[in-house]
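The structure file start_34.cif is reproduced below (mmCIF, C-alpha atoms).
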```cif
data_start
loop_
_atom_site.label_atom_id
_atom_site.label_comp_id
_atom_site.auth_asym_id
_atom_site.auth_seq_id
_atom_site.Cartn_x
_atom_site.Cartn_y
_atom_site.Cartn_z
CA MET A 258 -14.04 -3.23 45.25
CA HIS A 259 -12.59 0.02 46.55
CA ASN A 260 -9.06 -1.36 46.31
CA LEU A 261 -9.64 -2.45 42.75
CA TRP A 262 -10.78 1.05 41.85
CA VAL A 263 -7.66 2.56 43.43
CA PHE A 264 -5.48 0.07 41.58
CA ILE A 265 -7.06 0.89 38.21
CA ASN A 266 -6.83 4.60 38.92
CA ARG A 267 -3.16 4.39 39.82
CA TYR A 268 -2.18 2.63 36.63
CA SER A 269 -4.78 4.36 34.48
CA THR A 270 -2.22 5.20 31.75
CA PHE A 271 -1.36 1.57 31.30
CA PHE A 272 -4.99 0.45 31.25
CA LEU A 273 -5.92 3.15 28.76
CA PHE A 274 -3.00 2.04 26.60
CA ILE A 275 -4.12 -1.59 26.74
CA LEU A 276 -7.68 -0.55 25.89
CA PHE A 277 -6.79 1.47 22.79
CA PHE A 278 -3.97 -0.79 21.66
CA GLY A 279 -6.25 -3.80 21.98
CA GLY A 280 -8.86 -1.99 19.92
CA SER A 281 -6.32 -1.36 17.16
CA ILE A 282 -5.13 -4.96 17.17
CA VAL A 283 -8.71 -6.19 16.89
CA LEU A 284 -9.08 -3.98 13.82
CA VAL A 285 -5.88 -5.34 12.28
CA VAL A 286 -6.81 -8.96 12.82
CA ARG A 287 -10.43 -8.60 11.76
CA ASN A 288 -9.33 -6.76 8.69
CA ASN A 289 -7.01 -9.57 7.66
CA THR A 290 -9.61 -12.27 8.22
CA PHE A 291 -12.27 -10.62 6.15
CA GLN A 292 -9.87 -9.88 3.30
CA ARG A 293 -9.97 -6.16 4.02
CA ALA A 294 -13.64 -6.04 3.11
CA ASN A 295 -14.15 -3.06 5.35
CA ALA A 296 -15.76 0.32 5.12
CA ILE A 297 -12.61 2.21 6.08
CA ASN A 298 -10.32 2.00 3.06
CA SER A 299 -9.65 3.99 -0.04
CA SER A 300 -12.50 2.52 -2.07
CA SER A 301 -15.00 4.26 0.21
CA GLU A 302 -16.78 7.22 -1.30
CA ILE A 303 -15.27 10.09 0.70
CA ILE A 304 -11.66 9.05 0.50
CA GLY A 305 -12.03 7.91 -3.10
CA SER A 306 -13.34 11.32 -4.10
CA ILE A 307 -10.46 13.10 -2.30
CA TYR A 308 -7.98 10.97 -4.19
CA GLN A 309 -9.83 11.70 -7.43
CA GLN A 310 -9.51 15.45 -6.91
CA VAL A 311 -5.78 15.11 -6.22
CA ASP A 312 -5.36 12.94 -9.29
CA TYR A 313 -7.21 15.47 -11.44
CA PHE A 314 -4.42 17.97 -10.76
CA LYS A 315 -1.62 15.44 -10.88
CA GLY A 316 -2.86 14.25 -14.29
CA TYR A 317 -1.67 17.44 -15.99
CA LEU A 318 1.90 16.76 -14.98
CA SER A 319 2.15 13.56 -16.97
CA LEU A 320 -0.04 14.36 -19.98
CA ASN A 321 2.83 14.00 -22.44
CA GLU A 322 3.92 10.56 -21.31
CA THR A 323 0.34 9.33 -21.09
CA ASN A 324 -0.40 10.52 -24.63
CA LEU A 325 2.74 8.87 -25.89
CA ALA A 326 1.89 5.57 -24.22
CA LEU A 327 -1.66 5.64 -25.58
CA ALA A 328 -0.48 6.49 -29.08
CA ARG A 329 2.00 3.64 -28.97
CA GLU A 330 -0.68 1.25 -27.84
CA ASN A 331 -3.02 2.48 -30.58
CA ALA A 332 -0.33 1.76 -33.13
CA ALA A 333 0.19 -1.72 -31.75
CA LEU A 334 -3.55 -2.43 -31.81
CA ARG A 335 -3.88 -1.04 -35.33
CA ALA A 336 -1.25 -3.50 -36.43
CA LEU A 337 -3.50 -6.31 -35.19
CA LEU A 338 -6.46 -5.24 -37.35
CA LYS A 339 -7.38 -7.46 -40.26
CA SER A 340 -7.22 -4.48 -42.60
CA SER A 341 -3.54 -3.94 -41.89
CA ASN A 342 -2.61 -7.47 -42.95
CA TYR A 343 -1.42 -8.00 -46.50
CA ASP A 344 -4.19 -9.73 -48.40
CA ASP A 345 -2.98 -12.01 -51.19
CA LYS A 346 -6.27 -13.73 -51.86
CA VAL A 347 -7.72 -13.15 -55.29
CA ILE A 348 -11.29 -14.05 -54.49
CA SER A 349 -12.38 -12.92 -51.13
CA ASN A 350 -14.84 -15.16 -49.43
CA ILE A 351 -16.76 -13.52 -46.68
CA ALA A 352 -18.05 -15.89 -44.05
CA ARG A 353 -19.06 -14.95 -40.59
CA ASP A 354 -17.28 -17.13 -38.08
CA THR A 355 -19.79 -18.01 -35.38
CA ALA A 356 -17.43 -20.39 -33.62
CA GLN A 357 -15.23 -17.61 -32.38
CA GLN A 358 -16.90 -15.84 -29.52
CA PRO A 359 -14.88 -13.29 -27.64
CA GLN A 360 -14.10 -14.61 -24.17
CA TYR A 361 -12.56 -11.50 -22.68
CA SER A 362 -13.74 -7.92 -22.75
CA TYR A 363 -12.03 -4.94 -21.14
CA ILE A 364 -13.18 -2.02 -19.02
CA GLN A 365 -10.89 0.98 -19.23
CA ALA A 366 -10.17 2.74 -15.92
CA ARG A 367 -7.98 5.55 -14.65
CA VAL A 368 -5.63 5.14 -11.70
CA ILE A 369 -6.48 7.72 -9.04
CA ASN A 370 -4.26 6.46 -6.25
CA ASN A 371 -1.22 4.26 -6.30
CA SER A 372 1.70 3.25 -4.13
CA VAL A 373 4.88 1.29 -4.82
CA ASN A 374 6.98 1.64 -1.71
CA GLN A 375 4.80 -0.06 0.88
CA LYS A 376 5.13 -3.71 1.79
CA ASN A 377 1.62 -4.34 0.50
CA ASN A 378 0.61 -2.00 -2.30
CA TYR A 379 -2.88 -1.07 -3.45
CA ILE A 380 -4.22 0.88 -6.42
CA THR A 381 -7.51 2.77 -6.54
CA VAL A 382 -9.27 3.29 -9.88
CA ASN A 383 -12.27 5.38 -10.87
CA ARG A 384 -14.55 2.55 -11.99
CA GLY A 385 -16.84 0.54 -9.73
CA SER A 386 -19.84 -1.77 -9.55
CA LYS A 387 -21.82 0.75 -11.60
CA HIS A 388 -19.52 0.02 -14.55
CA GLY A 389 -19.69 -3.75 -14.13
CA ILE A 390 -16.61 -4.43 -12.05
CA LYS A 391 -16.73 -7.33 -9.62
CA LYS A 392 -14.42 -8.64 -6.95
CA GLY A 393 -11.61 -10.88 -8.15
CA MET A 394 -11.32 -9.66 -11.75
CA GLY A 395 -7.85 -9.37 -13.27
CA VAL A 396 -6.32 -6.00 -14.13
CA ILE A 397 -3.73 -5.27 -16.84
CA SER A 398 -2.19 -2.20 -18.40
CA SER A 399 -0.70 -1.66 -21.83
CA LYS A 400 2.66 -2.90 -20.54
CA GLY A 401 1.68 -5.94 -18.48
CA ILE A 402 -0.09 -7.25 -15.44
CA VAL A 403 -1.27 -4.88 -12.71
CA GLY A 404 -3.17 -6.91 -10.12
CA ILE A 405 -6.51 -8.26 -8.94
CA VAL A 406 -9.65 -6.32 -7.96
CA LEU A 407 -10.02 -6.45 -4.18
CA ASN A 408 -12.88 -4.17 -3.14
CA VAL A 409 -15.61 -2.51 -5.17
CA SER A 410 -17.83 0.43 -4.27
CA GLU A 411 -20.34 2.11 -6.53
CA ASN A 412 -17.88 4.40 -8.30
CA PHE A 413 -14.43 3.21 -7.25
CA SER A 414 -12.54 0.00 -6.76
CA THR A 415 -9.28 -0.92 -5.10
CA ILE A 416 -6.82 -3.29 -6.73
CA GLN A 417 -4.45 -5.55 -4.88
CA SER A 418 -1.33 -4.72 -6.84
CA LEU A 419 1.13 -7.31 -8.13
CA LEU A 420 3.43 -5.63 -5.60
CA HIS A 421 1.59 -7.26 -2.67
CA SER A 422 2.82 -10.18 -0.64
CA ASP A 423 -0.47 -12.09 -1.02
CA THR A 424 -0.69 -11.78 -4.80
CA LYS A 425 0.10 -14.96 -6.68
CA ILE A 426 -0.24 -15.14 -10.46
CA SER A 427 0.16 -18.18 -12.70
CA ALA A 428 2.90 -17.38 -15.21
CA SER A 429 4.92 -19.38 -17.72
CA LEU A 430 8.17 -19.09 -19.63
CA ALA A 431 7.60 -18.12 -23.26
CA LYS A 432 9.84 -20.73 -24.90
CA SER A 433 9.57 -23.82 -22.72
CA GLN A 434 5.95 -23.18 -21.65
CA ALA A 435 6.83 -24.39 -18.15
CA PHE A 436 4.53 -22.71 -15.65
CA GLY A 437 4.98 -21.55 -12.09
CA SER A 438 3.64 -18.86 -9.84
CA LEU A 439 4.78 -15.25 -9.81
CA VAL A 440 5.10 -13.65 -6.37
CA TRP A 441 6.53 -10.42 -5.00
CA GLY A 442 8.05 -9.33 -1.72
CA THR A 443 9.60 -12.60 -0.57
CA GLN A 444 13.20 -11.46 -0.85
CA SER A 445 13.28 -7.81 -1.81
CA TYR A 446 10.76 -4.99 -2.03
CA ASP A 447 12.07 -3.61 -5.32
CA PRO A 448 9.04 -2.50 -7.38
CA GLN A 449 10.81 -3.61 -10.57
CA LYS A 450 11.49 -7.21 -9.63
CA ALA A 451 9.31 -10.24 -8.94
CA LEU A 452 10.03 -13.91 -8.33
CA LEU A 453 8.87 -16.83 -10.49
CA LYS A 454 8.64 -19.89 -8.28
CA ASP A 455 8.00 -23.61 -8.79
CA ILE A 456 9.67 -24.01 -12.20
CA PRO A 457 11.10 -27.58 -12.27
CA ASN A 458 14.88 -27.96 -12.18
CA HIS A 459 15.22 -29.71 -15.55
CA ILE A 460 13.83 -26.76 -17.53
CA LYS A 461 16.48 -24.83 -19.45
CA VAL A 462 15.91 -21.14 -18.79
CA GLU A 463 17.47 -18.68 -21.18
CA ASP A 464 18.74 -15.29 -20.15
CA LYS A 465 16.32 -12.48 -21.06
CA GLU A 466 13.61 -15.02 -21.89
CA GLN A 467 10.10 -13.57 -21.77
CA VAL A 468 7.72 -14.45 -18.95
CA ILE A 469 4.06 -14.49 -19.99
CA THR A 470 0.72 -15.27 -18.37
CA SER A 471 -0.22 -18.93 -18.56
CA GLY A 472 -3.97 -18.42 -19.00
CA PHE A 473 -4.78 -20.66 -16.04
CA SER A 474 -5.86 -17.81 -13.81
CA LEU A 475 -7.81 -14.60 -14.41
CA PHE A 476 -5.64 -13.33 -17.23
CA PRO A 477 -5.81 -14.20 -20.93
CA PRO A 478 -2.80 -16.29 -22.02
CA GLY A 479 0.25 -14.66 -23.58
CA ILE A 480 0.36 -11.28 -21.88
CA VAL A 481 4.00 -10.31 -21.39
CA ILE A 482 4.85 -9.85 -17.70
CA GLY A 483 8.60 -9.30 -17.89
CA THR A 484 11.93 -10.86 -18.72
CA VAL A 485 14.15 -13.33 -16.90
CA LEU A 486 16.82 -11.48 -14.98
CA GLU A 487 18.62 -14.14 -13.02
CA THR A 488 18.26 -17.90 -12.70
CA GLY A 489 19.63 -20.58 -10.49
CA LEU A 490 18.32 -19.21 -7.25
CA SER A 491 17.37 -22.58 -5.87
CA SER A 492 14.96 -22.62 -2.99
CA GLY A 493 14.96 -26.33 -2.33
CA SER A 494 15.66 -29.60 -4.05
CA SER A 495 13.78 -29.71 -7.31
CA PHE A 496 12.55 -26.22 -8.14
CA LEU A 497 14.16 -23.10 -9.57
CA ASP A 498 13.54 -19.60 -8.28
CA ILE A 499 13.76 -17.14 -11.16
CA SER A 500 14.15 -13.42 -10.67
CA VAL A 501 11.94 -11.53 -13.15
CA LEU A 502 12.39 -7.93 -14.30
CA LEU A 503 8.85 -6.57 -14.57
CA ASN A 504 7.82 -4.94 -17.82
CA ASN A 505 5.32 -2.67 -16.10
CA ASP A 506 6.54 0.46 -14.36
CA PHE A 507 4.13 0.67 -11.43
CA SER A 508 5.24 4.13 -10.37
CA THR A 509 3.99 5.76 -13.59
CA LEU A 510 0.77 3.79 -14.00
CA ARG A 511 -2.08 5.97 -15.35
CA TYR A 512 -4.60 3.85 -17.26
CA VAL A 513 -5.50 0.22 -16.65
CA TYR A 514 -7.90 -2.31 -18.15
CA ILE A 515 -10.09 -4.54 -16.04
CA ILE A 516 -10.66 -7.93 -17.61
CA VAL A 517 -14.19 -9.32 -17.77
CA ASP A 518 -14.05 -13.04 -18.42
CA ARG A 519 -17.35 -14.35 -19.83
CA PHE A 520 -16.67 -17.92 -18.79
CA SER A 521 -15.07 -17.36 -15.39
CA LYS A 522 -18.17 -18.46 -13.47
CA GLU A 523 -18.57 -21.62 -15.49
CA LYS A 524 -14.89 -22.46 -15.05
CA GLU A 525 -14.99 -21.89 -11.31
CA ALA A 526 -18.16 -23.96 -10.90
CA LEU A 527 -16.53 -26.82 -12.77
CA GLU A 528 -13.31 -26.64 -10.80
CA ILE A 529 -15.11 -26.59 -7.47
CA GLN A 530 -16.56 -30.00 -8.34
CA ASN A 531 -12.99 -31.37 -8.45
CA LEU A 532 -12.44 -30.27 -4.88
CA GLU A 533 -15.69 -31.86 -3.77
CA ASN A 534 -14.71 -35.17 -5.31
CA ASP A 535 -11.44 -35.31 -3.37
CA MET B 168 -7.26 28.77 25.07
CA THR B 169 -9.23 29.05 21.83
CA LYS B 170 -6.05 30.05 20.03
CA LEU B 171 -4.26 26.99 21.36
CA LEU B 172 -7.11 24.74 20.25
CA LEU B 173 -7.23 26.29 16.77
CA GLU B 174 -3.47 26.01 16.41
CA ASN B 175 -3.56 22.31 17.28
CA ILE B 176 -6.44 21.54 14.92
CA LEU B 177 -4.78 23.42 12.04
CA ARG B 178 -1.47 21.66 12.67
CA PHE B 179 -3.24 18.32 12.75
CA ILE B 180 -4.98 18.89 9.40
CA LEU B 181 -1.86 20.24 7.66
CA LEU B 182 0.35 17.38 8.87
CA ILE B 183 -2.17 14.72 7.84
CA LEU B 184 -2.54 16.32 4.40
CA ALA B 185 1.25 16.53 4.01
CA GLN B 186 1.55 12.87 4.99
CA ILE B 187 -1.02 11.47 2.57
CA LEU B 188 -0.30 13.77 -0.37
CA LEU B 189 3.46 14.20 -0.16
CA PHE B 190 5.28 11.84 2.19
CA LYS B 191 3.30 8.78 1.15
CA ASN B 192 5.09 8.96 -2.19
CA MET B 193 8.49 9.42 -0.64
CA GLY B 194 10.77 6.65 0.41
CA TYR B 195 14.15 5.19 -0.26
CA TYR B 196 13.48 1.64 -1.55
CA ASN B 197 11.50 0.73 1.54
CA LEU B 198 14.59 1.33 3.61
CA ALA B 199 13.51 4.66 5.00
CA ILE B 200 9.92 5.92 4.87
CA PRO B 201 9.14 9.14 6.75
CA PHE B 202 6.02 9.52 8.93
CA PRO B 203 6.20 13.15 10.11
CA TYR B 204 2.46 13.26 10.84
CA ILE B 205 3.22 11.96 14.36
CA MET B 206 4.44 15.49 15.12
CA ALA B 207 0.75 16.38 15.59
CA ILE B 208 0.59 14.08 18.63
CA MET B 209 4.01 15.11 19.93
CA LEU B 210 3.18 18.82 20.06
CA ILE B 211 -0.13 18.52 21.92
CA PRO B 212 0.14 20.62 25.14
CA VAL B 213 1.65 18.86 28.14
CA ARG B 214 -1.38 19.13 30.42
CA ILE B 215 -3.90 17.25 28.30
CA SER B 216 -5.85 14.48 30.04
CA LYS B 217 -4.60 10.97 29.38
CA GLY B 218 -7.89 9.68 28.03
CA LEU B 219 -8.20 12.51 25.53
CA LEU B 220 -4.58 12.08 24.39
CA PHE B 221 -5.13 8.37 23.74
CA LEU B 222 -8.37 9.11 21.89
CA ILE B 223 -6.70 11.75 19.68
CA ALA B 224 -3.78 9.42 18.96
CA PHE B 225 -6.14 6.57 18.08
CA LEU B 226 -8.20 8.76 15.73
CA THR B 227 -5.07 10.20 14.08
CA GLY B 228 -3.79 6.70 13.41
CA LEU B 229 -7.18 5.62 12.07
CA THR B 230 -7.26 8.57 9.65
CA ILE B 231 -3.83 7.67 8.28
CA ASP B 232 -4.88 4.00 8.12
CA ALA B 233 -7.85 4.87 5.93
CA PHE B 234 -5.53 6.42 3.36
CA TYR B 235 -2.86 3.72 3.60
CA ASP B 236 -5.36 0.80 3.50
CA THR B 237 -3.78 -0.64 6.64
CA LEU B 238 -6.67 -0.63 9.07
CA GLY B 239 -5.49 -0.60 12.71
CA ILE B 240 -1.73 -0.62 12.21
CA HIS B 241 -1.12 3.13 12.39
CA ALA B 242 -3.75 3.39 15.12
CA ALA B 243 -1.82 0.89 17.26
CA ALA B 244 1.47 2.67 16.56
CA CYS B 245 0.02 6.06 17.51
CA VAL B 246 -1.45 4.68 20.73
CA THR B 247 1.99 3.30 21.63
CA LEU B 248 3.45 6.72 20.86
CA ALA B 249 0.95 8.37 23.22
CA TRP B 250 1.87 5.93 25.99
CA VAL B 251 5.61 6.51 25.59
CA ARG B 252 4.92 10.25 25.51
CA ILE B 253 3.15 10.16 28.89
CA ILE B 254 5.97 8.11 30.46
CA PHE B 255 8.68 10.32 28.94
CA LEU B 256 7.05 13.56 30.09
CA ASN B 257 6.53 12.13 33.58
CA LEU B 258 10.20 11.19 33.83
CA THR B 259 11.72 14.38 32.45
CA LEU B 260 9.37 17.18 33.57
CA GLN B 261 9.00 17.05 37.34
CA ASP B 262 8.31 20.74 37.92
CA ASP B 263 4.96 22.33 37.22
CA ASP B 264 6.27 25.24 35.13
CA HIS B 265 5.84 23.42 31.89
CA ASP B 266 2.27 22.37 32.52
CA SER B 267 0.54 24.73 30.15
CA VAL B 268 2.92 24.67 27.18
CA SER B 269 3.46 22.46 24.16
CA PRO B 270 6.71 20.50 23.97
CA GLY B 271 9.05 22.41 21.67
CA ILE B 272 12.57 23.75 21.17
CA ALA B 273 11.62 27.22 22.35
CA GLN B 274 9.97 26.01 25.54
CA MET B 275 12.46 23.26 26.44
CA SER B 276 15.96 22.90 25.06
CA PHE B 277 17.18 21.67 21.71
CA ARG B 278 18.77 18.54 23.22
CA TRP B 279 15.65 17.66 25.17
CA PHE B 280 13.48 18.03 22.07
CA LEU B 281 15.82 15.95 19.91
CA ILE B 282 15.78 13.06 22.39
CA TYR B 283 12.00 13.43 22.84
CA VAL B 284 11.33 13.24 19.09
CA PHE B 285 13.78 10.41 18.50
CA ILE B 286 12.51 8.16 21.29
CA LEU B 287 8.85 8.77 20.46
CA SER B 288 9.27 8.16 16.75
CA PHE B 289 11.39 5.09 17.48
CA PHE B 290 8.56 3.44 19.45
CA HIS B 291 6.01 4.50 16.84
CA HIS B 292 8.06 2.99 13.99
CA LEU B 293 8.87 -0.13 15.99
CA THR B 294 5.18 -0.91 16.54
CA LEU B 295 4.32 0.06 12.97
CA TYR B 296 6.90 -2.11 11.22
CA LEU B 297 6.55 -5.11 13.53
CA LEU B 298 2.76 -5.11 13.10
CA GLU B 299 3.10 -4.62 9.36
CA SER B 300 5.45 -7.56 8.84
CA PHE B 301 3.69 -9.55 11.60
CA SER B 302 6.50 -12.09 11.74
CA LEU B 303 10.10 -12.42 12.83
CA ASN B 304 11.31 -13.38 9.33
CA ASN B 305 13.60 -10.75 7.86
CA ILE B 306 13.88 -9.27 11.36
CA LEU B 307 17.23 -7.73 10.48
CA SER B 308 15.93 -5.85 7.44
CA THR B 309 12.88 -4.74 9.44
CA LEU B 310 15.11 -3.37 12.20
CA THR B 311 17.28 -1.52 9.67
CA SER B 312 14.15 0.00 8.13
CA ILE B 313 12.94 1.03 11.58
CA LEU B 314 16.22 2.75 12.42
CA PHE B 315 16.60 4.58 9.11
CA SER B 316 12.93 5.62 8.94
CA CYS B 317 13.22 6.85 12.50
CA ILE B 318 16.22 9.04 11.64
CA PHE B 319 14.43 10.33 8.53
CA THR B 320 11.28 11.22 10.50
CA THR B 321 13.29 12.85 13.31
CA VAL B 322 15.24 15.04 10.89
CA LEU B 323 12.01 16.15 9.16
CA ILE B 324 10.26 16.97 12.45
CA ILE B 325 13.26 18.94 13.77
CA LEU B 326 13.33 20.86 10.48
CA PHE B 327 9.59 21.67 10.71
CA GLU B 328 10.06 22.79 14.29
CA LEU B 329 13.00 25.03 13.37
CA ILE B 330 11.17 26.54 10.42
CA PHE B 331 7.72 27.13 11.92
CA TYR B 332 8.20 27.59 15.66
CA ARG B 333 11.51 29.40 16.01
CA ARG B 334 10.00 32.88 16.07
CA LYS B 335 8.05 32.21 19.24
CA LYS B 336 11.22 32.42 21.29
CA ARG B 337 11.21 36.22 21.18
#
```
How would this structure read if it were set down as C-alpha cells?
Amino acid sequence: MHNLWVFINRYSTFFLFILFFGGSIVLVVRNNTFQRANAINSSSEIIGSIYQQVDYFKGYLSLNETNLALARENAALRALLKSSNYDDKVISNIARDTAQQPQYSYIQARVINNSVNQKNNYITVNRGSKHGIKKGMGVISSKGIVGIVLNVSENFSTIQSLLHSDTKISASLAKSQAFGSLVWGTQSYDPQKALLKDIPNHIKVEDKEQVITSGFSLFPPGIVIGTVLETGLSSGSSFLDISVLLNNDFSTLRYVYIIVDRFSKEKEALEIQNLEND
Amino acid sequence: MTKLLLENILRFILLILAQILLFKNMGYYNLAIPFPYIMAIMLIPVRISKGLLFLIAFLTGLTIDAFYDTLGIHAAACVTLAWVRIIFLNLTLQDDDHDSVSPGIAQMSFRWFLIYVFILSFFHHLTLYLLESFSLNNILSTLTSILFSCIFTTVLIILFELIFYRRKKR
C-alpha cells in the first residue's frame, strides 16, 4: 500500500492529467450521445443573455442592410397578395374556401449568436419554448434554409445550422424534380457551398439550375436553397454528387423564421407505423 | 501576492472575452483559427501547484466550450496544454531562480518564450482538432489546419506579450 502511494505521488502529474483529460472526454462523448441536450451550451440563460447584450450593440452596425433585406422581402410578399393580382372577372363571386387550411405558420426570431467558420456551426436566436418553439422544427430566412432547432430554453433556442456535418435536408432539383439529400462539410468547409447527394446518374442536371426543398422533411416545398455550381462529381456507381452554391449568406444572417408545421405530429405518427411493420 | 492574483484573474477575464467576442469570428476559411485565450494558462506563475494548474486549465476550457457549444473539447485541449507546460518547465528551468515569476519575455529570453508558446499551442491545437474531427479521414487537411492555426496563435500571443509586458523589463 505504501509503495503504491509512493508510485502515485511520483507520477502525480501524469495521474492528474489522466484524471482531468478523462473527465473532458467523458463530457465529449456524453454530449454526443445525448444530442448535446446539456445545460452547458449557448441556449442556457446566462450565456444566452450575454450574447443578446453583445448582439444589441452589433445590431446597429448592420441596420441599413437589415432594413434593405426586410423591405425587399416585404415587396416580394406584397406581390403575392390577392389584391396585387390583376382581376379580370366582371362579377366577383366571394366564397370562403374552407378546404384550404394553412399548414405552416412562422415565428419570427432574431439571430443573437452565429458562427460560420467552425466545423459544426450553431446559431442562437432570441425565441424559446415561451414563444412556442419545439425541438426539431425547421428554420428558414428570407433567402433560404437556415437549419433545424436543436435545443430550446425558456427564452432562447439554438439551431443546428445547415453548416453542420450532421445536418441532412431533403432537397430536389427544380426542373427534373429528382430528390436527394443536401449535406455540408464532407469535402470542404466553405460556408457558401453544400453538396447534393444521391441524385441518380440518368438525371440531366443543367448548369445554374435551382435547388429547392422537396417538402418531404420539415420544410414547406419549393423554398429556394441555391443553384447548381458543378456536376459530375461521382461518388460511386450510380449516383451524382452535385456541388450547390447556397443562396443564403450565413455570415450576415439577422432575422430567421421558425416553421411550425400543424401536421408534423400526425405525419410522424403515421410514418412510425411503417417502421413497425418492417 | 494579491497583486499577482488580481493580475492573473484580470488577464483571464480579458482573454476569454477577447476570444469569444473577437477571435471567434476570425478565421481564414477554417485553415487557420486563432485561440489566443490559452495565453491565460501559459502565463500563470511557475510555482503553482500541479493540481490547481490542472483545475484552472480544465475550467478555462469548459468556459470556452460553453460559448463554442463544444462541451469537453476545449477542456481536454487545455488539460493537455497544462501537462505539456509542466513537462516543458521541468526540462528547461532547473534552477530555482525562476520559481516565483510568470513565464515571459522579460523574465526569460525571447527565444525561450517563442519555443515555449509554439510547443504549448501546438499540443493544444493538436488535441483540439483531433477531438473535433474525431476521425482520421481528412487527416492531411486537419494537420495543415493545426499547423497554420498554431502559427497564427503564436504570432498573436507574442504580439500581446510585446505590447503589454515589455515595460516590466525596466
Report as a CSV table (one decimal) with C-alpha atoms, in the frame of the given file the residues that result from applying the PyMOL selection byres ((chain B) within 10 of (chain A)) to the structure here.
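Resulting contents of part-v4.csv:
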```csv
chain,number,residue,atom,x,y,z
B,187,ILE,CA,-1.0,11.5,2.6
B,188,LEU,CA,-0.3,13.8,-0.4
B,191,LYS,CA,3.3,8.8,1.2
B,192,ASN,CA,5.1,9.0,-2.2
B,193,MET,CA,8.5,9.4,-0.6
B,194,GLY,CA,10.8,6.6,0.4
B,195,TYR,CA,14.2,5.2,-0.3
B,196,TYR,CA,13.5,1.6,-1.6
B,197,ASN,CA,11.5,0.7,1.5
B,198,LEU,CA,14.6,1.3,3.6
B,199,ALA,CA,13.5,4.7,5.0
B,200,ILE,CA,9.9,5.9,4.9
B,217,LYS,CA,-4.6,11.0,29.4
B,218,GLY,CA,-7.9,9.7,28.0
B,221,PHE,CA,-5.1,8.4,23.7
B,222,LEU,CA,-8.4,9.1,21.9
B,224,ALA,CA,-3.8,9.4,19.0
B,225,PHE,CA,-6.1,6.6,18.1
B,228,GLY,CA,-3.8,6.7,13.4
B,229,LEU,CA,-7.2,5.6,12.1
B,230,THR,CA,-7.3,8.6,9.6
B,232,ASP,CA,-4.9,4.0,8.1
B,233,ALA,CA,-7.8,4.9,5.9
B,234,PHE,CA,-5.5,6.4,3.4
B,235,TYR,CA,-2.9,3.7,3.6
B,236,ASP,CA,-5.4,0.8,3.5
B,237,THR,CA,-3.8,-0.6,6.6
B,238,LEU,CA,-6.7,-0.6,9.1
B,239,GLY,CA,-5.5,-0.6,12.7
B,240,ILE,CA,-1.7,-0.6,12.2
B,241,HIS,CA,-1.1,3.1,12.4
B,242,ALA,CA,-3.8,3.4,15.1
B,243,ALA,CA,-1.8,0.9,17.3
B,244,ALA,CA,1.5,2.7,16.6
B,245,CYS,CA,0.0,6.1,17.5
B,246,VAL,CA,-1.4,4.7,20.7
B,247,THR,CA,2.0,3.3,21.6
B,248,LEU,CA,3.4,6.7,20.9
B,249,ALA,CA,1.0,8.4,23.2
B,250,TRP,CA,1.9,5.9,26.0
B,251,VAL,CA,5.6,6.5,25.6
B,253,ILE,CA,3.2,10.2,28.9
B,254,ILE,CA,6.0,8.1,30.5
B,296,TYR,CA,6.9,-2.1,11.2
B,298,LEU,CA,2.8,-5.1,13.1
B,299,GLU,CA,3.1,-4.6,9.4
B,300,SER,CA,5.4,-7.6,8.8
B,305,ASN,CA,13.6,-10.8,7.9
B,308,SER,CA,15.9,-5.8,7.4
```
On this structure, which residues satisfy the PyMOL selection byres ((chain B and resi 316) around 10), written as number ranges by chain? B: 194-195, 197-202, 288-289, 292-293, 310-315, 317-322
Work out how far atom CA of Leu171 of chain B is from atom CA of Pro212 of chain B, in Å to one decimal. 8.6 Å
Can you tell me how far atom CA of Glu174 of chain B sits from atom CA of Leu258 of chain B, in Å to one decimal? 26.6 Å
Identify, on the basis of only C-alpha atoms, every residue whose closest approach to Leu327 of chain A does not exceed 12 Å; exclude the query and any residue fewer than 4 positions from it along the same chain; express the result as a JSON list (two decimals) with C-alpha atoms, keeping the file's coordinate frame.
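This went into selection01.json:
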```json
[["chain", "number", "residue", "atom", "x", "y", "z"],
["A", 320, "LEU", "CA", -0.04, 14.36, -19.98],
["A", 321, "ASN", "CA", 2.83, 14.00, -22.44],
["A", 322, "GLU", "CA", 3.92, 10.56, -21.31],
["A", 323, "THR", "CA", 0.34, 9.33, -21.09],
["A", 331, "ASN", "CA", -3.02, 2.48, -30.58],
["A", 332, "ALA", "CA", -0.33, 1.76, -33.13],
["A", 333, "ALA", "CA", 0.19, -1.72, -31.75],
["A", 334, "LEU", "CA", -3.55, -2.43, -31.81],
["A", 398, "SER", "CA", -2.19, -2.20, -18.40],
["A", 399, "SER", "CA", -0.70, -1.66, -21.83],
["A", 400, "LYS", "CA", 2.66, -2.90, -20.54],
["A", 510, "LEU", "CA", 0.77, 3.79, -14.00],
["A", 511, "ARG", "CA", -2.08, 5.97, -15.35],
["A", 512, "TYR", "CA", -4.60, 3.85, -17.26],
["A", 513, "VAL", "CA", -5.50, 0.22, -16.65]]
```
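For the pair atom CA of Ile402 of chain A and atom CA of Pro359 of chain A, the separation is 20.1 Å.
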Distance query Tyr283 of chain B at most 9 Å, all atoms listed in the file, self and fewer than 5 positions along chain excluded, as a ChimeraX atom specification: /B:209,252,255-256,270,278,288
Restricting the calculation to only C-alpha atoms, which member of A:Ser319, A:Ser474, A:Ser422, A:Ser433 is positioned closest to Phe520 of chain A? A:Ser474
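You can rank B:Leu281, B:Leu182, B:Leu172, B:Ala207 by their closest distance to Leu329 of chain B using all atoms listed in the file, and at the top of that list sits B:Leu281.
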Residue IDs satisfying the PyMOL selection byres ((chain B and resi 271) around 12), as a PyMOL selection string: chain B and resi 206-207+209-213+265+268-270+272-284+324-325+327-329+331-336
